[in-house]
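**Student:** What follows is data-v6.txt, made up of compact mmCIF, C-alpha atoms:
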# COMPACT_ATOMS: atom_id res chain seq x y z
CA MET B 1 133.35 158.90 61.83
CA ALA B 2 136.54 160.60 63.07
CA ASP B 3 137.84 163.54 61.07
CA VAL B 4 140.81 163.04 58.77
CA SER B 5 143.63 164.30 60.95
CA SER B 6 147.20 163.81 62.08
CA THR B 7 148.41 160.61 63.71
CA ALA B 8 148.83 162.51 66.99
CA ALA B 9 145.06 162.40 67.47
CA SER B 10 144.77 158.70 66.63
CA PRO B 11 144.35 155.91 69.23
CA LEU B 12 147.84 154.60 68.39
CA GLY B 13 150.09 154.25 71.43
CA LYS B 14 147.33 155.18 73.86
CA PRO B 15 145.23 153.12 76.29
CA ALA B 16 142.00 152.02 74.61
CA THR B 17 138.59 151.06 75.86
CA TYR B 18 137.41 148.07 73.86
CA ARG B 19 133.81 148.73 72.89
CA SER B 20 131.72 145.63 72.17
CA ASP B 21 128.69 147.42 70.75
CA TYR B 22 128.68 148.68 67.17
CA ASP B 23 130.41 152.06 66.85
CA PRO B 24 131.56 153.27 63.39
CA SER B 25 132.93 156.49 64.95
CA LEU B 26 135.94 154.45 66.12
CA LEU B 27 137.41 154.47 62.60
CA PHE B 28 140.25 156.99 62.26
CA PRO B 29 141.01 158.06 58.66
CA ILE B 30 144.39 159.54 57.74
CA ALA B 31 144.82 161.42 54.46
CA ARG B 32 147.29 159.88 52.00
CA ALA B 33 148.16 163.27 50.48
CA GLU B 34 150.78 164.46 52.99
CA LYS B 35 153.05 161.42 52.67
CA ARG B 36 152.58 161.34 48.89
CA ALA B 37 153.66 164.97 48.71
CA GLU B 38 156.80 163.98 50.65
CA LEU B 39 157.49 161.38 47.94
CA GLY B 40 156.99 163.97 45.20
CA ILE B 41 153.69 162.48 44.07
CA ALA B 42 151.27 165.15 42.88
CA GLY B 43 148.40 165.20 40.41
CA THR B 44 147.78 161.97 38.51
CA LEU B 45 149.13 159.00 40.45
CA PRO B 46 152.04 157.18 38.75
CA PHE B 47 150.52 153.86 39.81
CA PHE B 48 147.24 152.11 40.52
CA GLY B 49 146.63 149.29 42.95
CA MET B 50 145.00 148.35 46.20
CA ASP B 51 145.55 147.63 49.86
CA ILE B 52 144.31 144.16 50.78
CA TRP B 53 143.38 143.84 54.46
CA ASN B 54 142.59 140.45 56.03
CA ALA B 55 140.82 140.35 59.40
CA TYR B 56 140.94 137.05 61.28
CA GLU B 57 139.11 138.13 64.46
CA VAL B 58 135.65 139.05 63.20
CA SER B 59 132.72 138.09 65.40
CA TRP B 60 129.14 139.17 66.09
CA LEU B 61 125.92 137.76 67.54
CA ASN B 62 123.04 136.39 65.52
CA ALA B 63 119.45 137.42 66.26
CA ARG B 64 119.26 134.79 69.04
CA GLY B 65 122.48 135.92 70.69
CA LYS B 66 124.70 133.08 69.43
CA PRO B 67 128.25 134.15 68.51
CA GLN B 68 129.24 134.00 64.85
CA VAL B 69 132.75 134.21 63.35
CA ALA B 70 134.24 134.91 59.94
CA ILE B 71 137.40 135.97 58.14
CA ALA B 72 136.94 139.30 56.38
CA THR B 73 138.90 140.58 53.38
CA PHE B 74 138.83 144.24 52.38
CA GLN B 75 140.11 145.58 49.06
CA VAL B 76 140.83 149.31 49.26
CA PRO B 77 141.68 151.18 46.04
CA ALA B 78 145.06 152.93 46.09
CA ASP B 79 143.42 156.12 44.81
CA SER B 80 141.19 156.41 47.88
CA PRO B 81 141.96 159.73 49.63
CA ASN B 82 142.47 158.10 53.04
CA ILE B 83 143.94 155.13 54.83
CA ILE B 84 142.45 153.89 58.11
CA GLU B 85 144.75 153.74 61.11
CA SER B 86 144.98 150.02 61.91
CA LYS B 87 144.34 150.14 65.66
CA SER B 88 141.14 152.09 65.06
CA PHE B 89 140.18 149.48 62.44
CA LYS B 90 140.65 146.76 65.07
CA LEU B 91 138.63 148.69 67.67
CA TYR B 92 135.86 149.15 65.09
CA LEU B 93 135.75 145.42 64.30
CA ASN B 94 135.68 144.62 68.03
CA SER B 95 132.61 146.82 68.38
CA PHE B 96 130.61 144.09 66.62
CA ASN B 97 131.46 141.46 69.25
CA GLN B 98 128.24 141.92 71.26
CA THR B 99 126.15 143.36 68.45
CA ARG B 100 123.13 141.35 67.27
CA LEU B 101 122.64 141.17 63.52
CA GLY B 102 120.04 139.30 61.51
CA SER B 103 122.54 137.73 59.09
CA SER B 104 126.09 137.82 57.78
CA ASP B 105 124.74 139.92 54.91
CA ALA B 106 123.71 142.58 57.44
CA LEU B 107 127.28 142.65 58.74
CA LEU B 108 128.63 142.82 55.19
CA GLU B 109 126.46 145.82 54.39
CA LEU B 110 127.60 147.73 57.51
CA LEU B 111 131.25 147.00 56.78
CA ARG B 112 130.92 148.20 53.20
CA LYS B 113 129.13 151.39 54.21
CA ASP B 114 131.38 152.38 57.11
CA LEU B 115 134.70 151.53 55.49
CA SER B 116 133.82 153.14 52.17
CA ALA B 117 133.00 156.32 54.11
CA GLY B 118 136.25 156.13 56.09
CA PHE B 119 138.56 155.43 53.15
CA GLY B 120 136.62 157.86 50.99
CA ALA B 121 136.11 155.37 48.14
CA PRO B 122 134.16 152.14 47.56
CA VAL B 123 135.69 149.24 49.48
CA HIS B 124 135.09 145.65 48.36
CA VAL B 125 134.34 143.35 51.32
CA LEU B 126 134.34 139.55 51.33
CA LEU B 127 133.31 137.40 54.30
CA THR B 128 134.60 133.84 54.52
CA LEU B 129 132.33 131.87 56.84
CA PRO B 130 133.43 128.77 58.81
CA ASP B 131 132.09 126.29 56.26
CA ALA B 132 134.60 127.73 53.77
CA PHE B 133 137.63 128.03 56.08
CA GLY B 134 139.14 124.97 54.45
CA ASP B 135 139.25 126.81 51.14
CA VAL B 136 141.59 129.54 52.43
CA ARG B 137 144.80 129.17 50.41
CA MET B 138 148.38 129.48 51.51
CA GLY B 139 151.32 130.29 49.25
CA GLU B 140 154.40 132.45 48.83
CA LEU B 141 155.38 135.22 46.45
CA GLY B 142 157.12 133.91 43.36
CA GLY B 143 160.43 135.16 42.06
CA VAL B 144 164.20 135.11 42.41
CA LEU B 145 165.08 135.18 46.12
CA LEU B 146 167.32 138.13 46.92
CA ASP B 147 167.98 136.81 50.41
CA ARG B 148 170.34 134.17 49.01
CA LEU B 149 172.97 136.90 48.49
CA ASP B 150 175.81 136.99 51.04
CA ILE B 151 176.22 140.72 51.61
CA ASP B 152 177.57 143.11 54.23
CA VAL B 153 175.05 145.62 55.58
CA ASP B 154 175.78 148.59 57.85
CA ALA B 155 172.97 151.05 57.07
CA TYR B 156 169.34 150.70 58.15
CA GLN B 157 167.56 153.64 56.56
CA PRO B 158 166.33 153.43 52.94
CA ASP B 159 168.90 154.92 50.56
CA PRO B 160 167.69 155.27 46.94
CA GLY B 161 171.32 155.73 45.91
CA LEU B 162 171.82 151.99 46.41
CA LEU B 163 169.45 151.27 43.52
CA ARG B 164 171.25 150.73 40.21
CA ALA B 165 170.31 149.21 36.85
CA SER B 166 172.10 148.24 33.64
CA LEU B 167 170.75 151.17 31.64
CA ASN B 168 172.89 150.45 28.55
CA GLU B 169 171.94 146.80 28.18
CA ALA B 170 168.87 144.98 26.85
CA ASP B 171 165.74 145.08 28.99
CA VAL B 172 164.79 142.07 31.08
CA GLU B 173 161.57 140.84 32.67
CA GLU B 174 161.83 139.33 36.13
CA SER B 175 160.36 139.05 39.60
CA LEU B 176 162.53 139.55 42.68
CA VAL B 177 161.48 138.57 46.21
CA SER B 178 162.78 139.26 49.71
CA HIS B 179 161.49 138.20 53.12
CA LEU B 180 163.77 140.69 54.90
CA LEU B 181 161.59 143.79 54.73
CA LYS B 182 161.05 145.27 58.18
CA SER B 183 159.76 148.75 58.89
CA ASN B 184 158.34 150.34 62.02
CA CYS B 185 155.02 151.94 62.90
CA LEU B 186 155.09 155.66 62.21
CA VAL B 187 153.74 156.47 65.69
CA THR B 188 154.60 153.65 68.12
CA GLY B 189 157.82 152.38 66.54
CA GLN B 190 156.59 148.79 66.80
CA PRO B 191 158.14 146.50 64.16
CA ASP B 192 156.23 145.58 61.01
CA TRP B 193 157.48 142.47 59.16
CA ALA B 194 156.89 141.71 55.50
CA SER B 195 157.82 139.83 52.36
CA VAL B 196 158.02 141.91 49.20
CA GLN B 197 157.88 141.11 45.49
CA ILE B 198 159.20 143.46 42.79
CA ARG B 199 158.07 142.64 39.24
CA TYR B 200 159.42 144.73 36.40
CA VAL B 201 160.30 145.02 32.74
CA GLY B 202 163.28 147.24 32.00
CA PRO B 203 167.01 147.60 32.61
CA GLN B 204 168.21 144.80 34.88
CA ILE B 205 168.26 145.91 38.50
CA ASP B 206 171.41 145.23 40.53
CA GLN B 207 170.23 142.64 43.06
CA GLU B 208 172.77 143.35 45.80
CA GLY B 209 171.94 147.05 45.74
CA LEU B 210 168.22 146.31 45.81
CA LEU B 211 168.59 143.96 48.78
CA ARG B 212 170.64 146.53 50.73
CA TYR B 213 167.99 149.14 49.90
CA LEU B 214 165.15 146.93 51.20
CA ILE B 215 167.06 146.02 54.37
CA GLY B 216 167.52 149.77 54.82
CA PHE B 217 163.88 150.07 55.91
CA ARG B 218 164.77 148.24 59.15
CA ASP B 219 164.97 151.46 61.22
CA HIS B 220 162.51 153.42 59.07
CA ASN B 221 159.18 154.60 60.53
CA GLU B 222 156.25 154.64 58.10
CA PHE B 223 152.91 152.93 57.63
CA HIS B 224 152.78 149.83 55.39
CA GLU B 225 151.12 151.60 52.47
CA GLN B 226 153.63 154.45 52.58
CA CYS B 227 156.63 152.09 52.59
CA VAL B 228 155.40 150.31 49.47
CA GLU B 229 154.81 153.60 47.66
CA ARG B 230 158.31 154.77 48.65
CA ILE B 231 159.83 151.55 47.27
CA PHE B 232 157.84 151.93 44.05
CA MET B 233 158.85 155.55 43.50
CA ASP B 234 162.52 155.02 44.36
CA ILE B 235 162.85 152.08 41.95
CA LEU B 236 160.93 153.94 39.24
CA ARG B 237 163.19 156.99 39.49
CA GLN B 238 166.52 155.24 39.96
CA CYS B 239 166.15 152.21 37.67
CA HIS B 240 163.74 153.48 34.97
CA PRO B 241 161.68 150.30 34.40
CA GLN B 242 158.99 150.45 31.72
CA LYS B 243 156.71 148.29 33.87
CA LEU B 244 156.84 148.00 37.65
CA ALA B 245 154.76 146.37 40.38
CA VAL B 246 155.58 146.23 44.10
CA TYR B 247 153.60 143.95 46.40
CA ALA B 248 154.24 143.53 50.14
CA ARG B 249 152.64 140.95 52.42
CA TYR B 250 152.91 142.15 56.03
CA THR B 251 152.45 139.87 59.02
CA ARG B 252 149.36 140.46 61.08
CA ARG B 253 148.99 142.54 64.22
CA GLY B 254 145.83 142.51 66.31
CA GLY B 255 144.23 140.01 63.94
CA LEU B 256 144.79 142.24 60.88
CA ASP B 257 147.30 142.00 58.06
CA ILE B 258 147.79 144.72 55.43
CA ASN B 259 149.10 143.91 51.96
CA PRO B 260 149.70 146.93 49.69
CA TRP B 261 150.14 146.49 45.92
CA ARG B 262 151.18 149.23 43.51
CA SER B 263 151.64 148.81 39.74
CA ASN B 264 151.88 150.88 36.57
CA PHE B 265 150.84 148.05 34.25
CA SER B 266 147.85 145.75 34.12
CA THR B 267 147.68 142.01 33.63
CA GLY B 268 143.90 142.14 33.93
CA HIS B 269 144.02 140.56 37.39
CA PRO B 270 144.70 141.89 40.89
CA PRO B 271 147.41 140.14 42.91
CA GLY B 272 146.57 136.92 44.70
CA ASN B 273 145.66 136.96 48.36
CA ALA B 274 147.24 133.66 49.40
CA ARG B 275 148.19 133.70 53.06
CA HIS B 276 151.93 133.35 53.67
CA ALA B 277 153.64 131.08 56.19
CA ARG B 278 154.40 134.07 58.46
CA GLN B 279 150.87 135.40 58.25
Mind turning this structure into structure tokens?
**Tutor:**
Amino acid sequence: MADVSSTAASPLGKPATYRSDYDPSLLFPIARAEKRAELGIAGTLPFFGMDIWNAYEVSWLNARGKPQVAIATFQVPADSPNIIESKSFKLYLNSFNQTRLGSSDALLELLRKDLSAGFGAPVHVLLTLPDAFGDVRMGELGGVLLDRLDIDVDAYQPDPGLLRASLNEADVEESLVSHLLKSNCLVTGQPDWASVQIRYVGPQIDQEGLLRYLIGFRDHNEFHEQCVERIFMDILRQCHPQKLAVYARYTRRGGLDINPWRSNFSTGHPPGNARHARQ
């Protein structure tokens, strides 16, 4: 297992040798603490949640050498000390391609062990095998579509000052959705595309300001998880909701999509994992 370190030492943006024999040392953890300190998050987290990863290019060999395939879903708790750099995650999954395993349960056990060690907390792993592919659901985030607003935009870095709420009026409960979230990889600058849902109870948020704020991530470089935590903290501080949840569904890269969810209230259920049209 690679040491928790800076992104400069990660495989991002560098030529990679694709190993096809099992190698857990390919995983590259990155500590969450540095970026959270930048956001002013210290001590007890102001949210809970998870990062939902879906892997669509999972394959291994059975004991007789016949290839097997599956879709894997990983639920990573938001309070885990680390994230895993996504290219290293892909390289790790590829290392199973020519690895013989006695059963899908054997694969499941290795994934749980290695990823829990890398993230630094227990990771829930689900394998969907081909006989259940037809059960994979598709759907979209529910809520009022911000993208309907006809606005002028001339700034493409997130500006919390754009976030306003009707602090002197009665609280509302609503869900707001945009498909216009785009950020860029912290290291390579490659674009990351997402839909985002903001659910809250509190002073009504100005929708035009919120949409401009979200579009402002277009030239912003940060990992998926960090962007969602930035959105959560900026809305919490600027708009003062009593309850707040932010959920982003990012499109896949290299067979992986990452879907961070942060919330300060519980409905008793985690967010759904329905695959979106762009995923």
**Student:** Please, what distance in Å, to one decimal, runs between CA of Pro46 (chain B) and CA of Gln75 (chain B)?
**Tutor:**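 CA of Gln75 (chain B) lies 19.6 Å from CA of Pro46 (chain B).
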**Student:** How many Å lie between CA of Pro122 (chain B) and CA of Val76 (chain B), rounded to one decimal?
**Tutor:**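 Answer for the CA of Pro122 (chain B) to CA of Val76 (chain B) separation: 7.4 Å.
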**Student:** So how many Å separate CA of Leu244 (chain B) and CA of Phe232 (chain B), to one decimal?
**Tutor:** 7.6 Å
**Student:** Between B:Asp154, B:Asp147, B:Glu57, B:Asp79, which has the minimum distance to Leu180 (chain B) (counting only C-alpha atoms)?
**Tutor:**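 Closest to Leu180 (chain B), using only C-alpha atoms: B:Asp147.
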**Student:** So that I can see what lies close to region 249-261 of chain B, please list as a ChimeraX atom specification the residues with an atom at most 6 Å from it, counting only C-alpha atoms and leaving out residues fewer than 6 positions away in the same chain.
**Tutor:** /B:49-57,193-195,225,279
**Student:** Which one is closest to Phe47 (chain B): B:Thr188, B:Asn264, B:Thr17, B:Gln204? Count all atoms listed in the file.
**Tutor:**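 Residue with the minimum atom-to-atom distance to Phe47 (chain B): B:Asn264.
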**Student:** Tell me which protein, DNA and RNA residues are within 7 Å of Val196 (chain B), counting all atoms listed in the file, leaving out same-chain ones fewer than 3 positions away, and put them as an MDAnalysis selection string.
**Tutor:** chainID B and resid 177:179 181 247:249
**Student:** When you count only C-alpha atoms, which of these residues is closest to Glu174 (chain B): B:Leu186, B:Lys243, B:Leu236, B:Ile151?
**Tutor:**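 Counting only C-alpha atoms, the residue closest to Glu174 (chain B) is B:Lys243.
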**Student:** Leaving out region 114-118 of chain B and any residue of its chain fewer than 5 positions from it, which residues lie within 10 Å of it when counting only C-alpha atoms, given as a PDB file with C-alpha atoms, in the coordinates of the input?
**Tutor:**
ATOM      1  CA  MET B   1     133.350 158.900  61.830  1.00  0.00           C
ATOM      2  CA  ALA B   2     136.540 160.600  63.070  1.00  0.00           C
ATOM      3  CA  ASP B   3     137.840 163.540  61.070  1.00  0.00           C
ATOM      4  CA  VAL B   4     140.810 163.040  58.770  1.00  0.00           C
ATOM      5  CA  ASP B  23     130.410 152.060  66.850  1.00  0.00           C
ATOM      6  CA  PRO B  24     131.560 153.270  63.390  1.00  0.00           C
ATOM      7  CA  SER B  25     132.930 156.490  64.950  1.00  0.00           C
ATOM      8  CA  LEU B  27     137.410 154.470  62.600  1.00  0.00           C
ATOM      9  CA  PHE B  28     140.250 156.990  62.260  1.00  0.00           C
ATOM     10  CA  PRO B  29     141.010 158.060  58.660  1.00  0.00           C
ATOM     11  CA  ILE B  30     144.390 159.540  57.740  1.00  0.00           C
ATOM     12  CA  PHE B  74     138.830 144.240  52.380  1.00  0.00           C
ATOM     13  CA  VAL B  76     140.830 149.310  49.260  1.00  0.00           C
ATOM     14  CA  SER B  80     141.190 156.410  47.880  1.00  0.00           C
ATOM     15  CA  PRO B  81     141.960 159.730  49.630  1.00  0.00           C
ATOM     16  CA  ASN B  82     142.470 158.100  53.040  1.00  0.00           C
ATOM     17  CA  ILE B  83     143.940 155.130  54.830  1.00  0.00           C
ATOM     18  CA  ILE B  84     142.450 153.890  58.110  1.00  0.00           C
ATOM     19  CA  PHE B  89     140.180 149.480  62.440  1.00  0.00           C
ATOM     20  CA  TYR B  92     135.860 149.150  65.090  1.00  0.00           C
ATOM     21  CA  GLU B 109     126.460 145.820  54.390  1.00  0.00           C
ATOM     22  CA  VAL B 123     135.690 149.240  49.480  1.00  0.00           C
ATOM     23  CA  HIS B 124     135.090 145.650  48.360  1.00  0.00           C
ATOM     24  CA  VAL B 125     134.340 143.350  51.320  1.00  0.00           C
TER      25      VAL B 125
END
**Student:** Out of B:Val187, B:Gln68, B:Phe217, B:Ala106, which residue has the shortest atom-to-atom distance to Asp131 (chain B) when counting all atoms listed in the file?
**Tutor:** B:Gln68
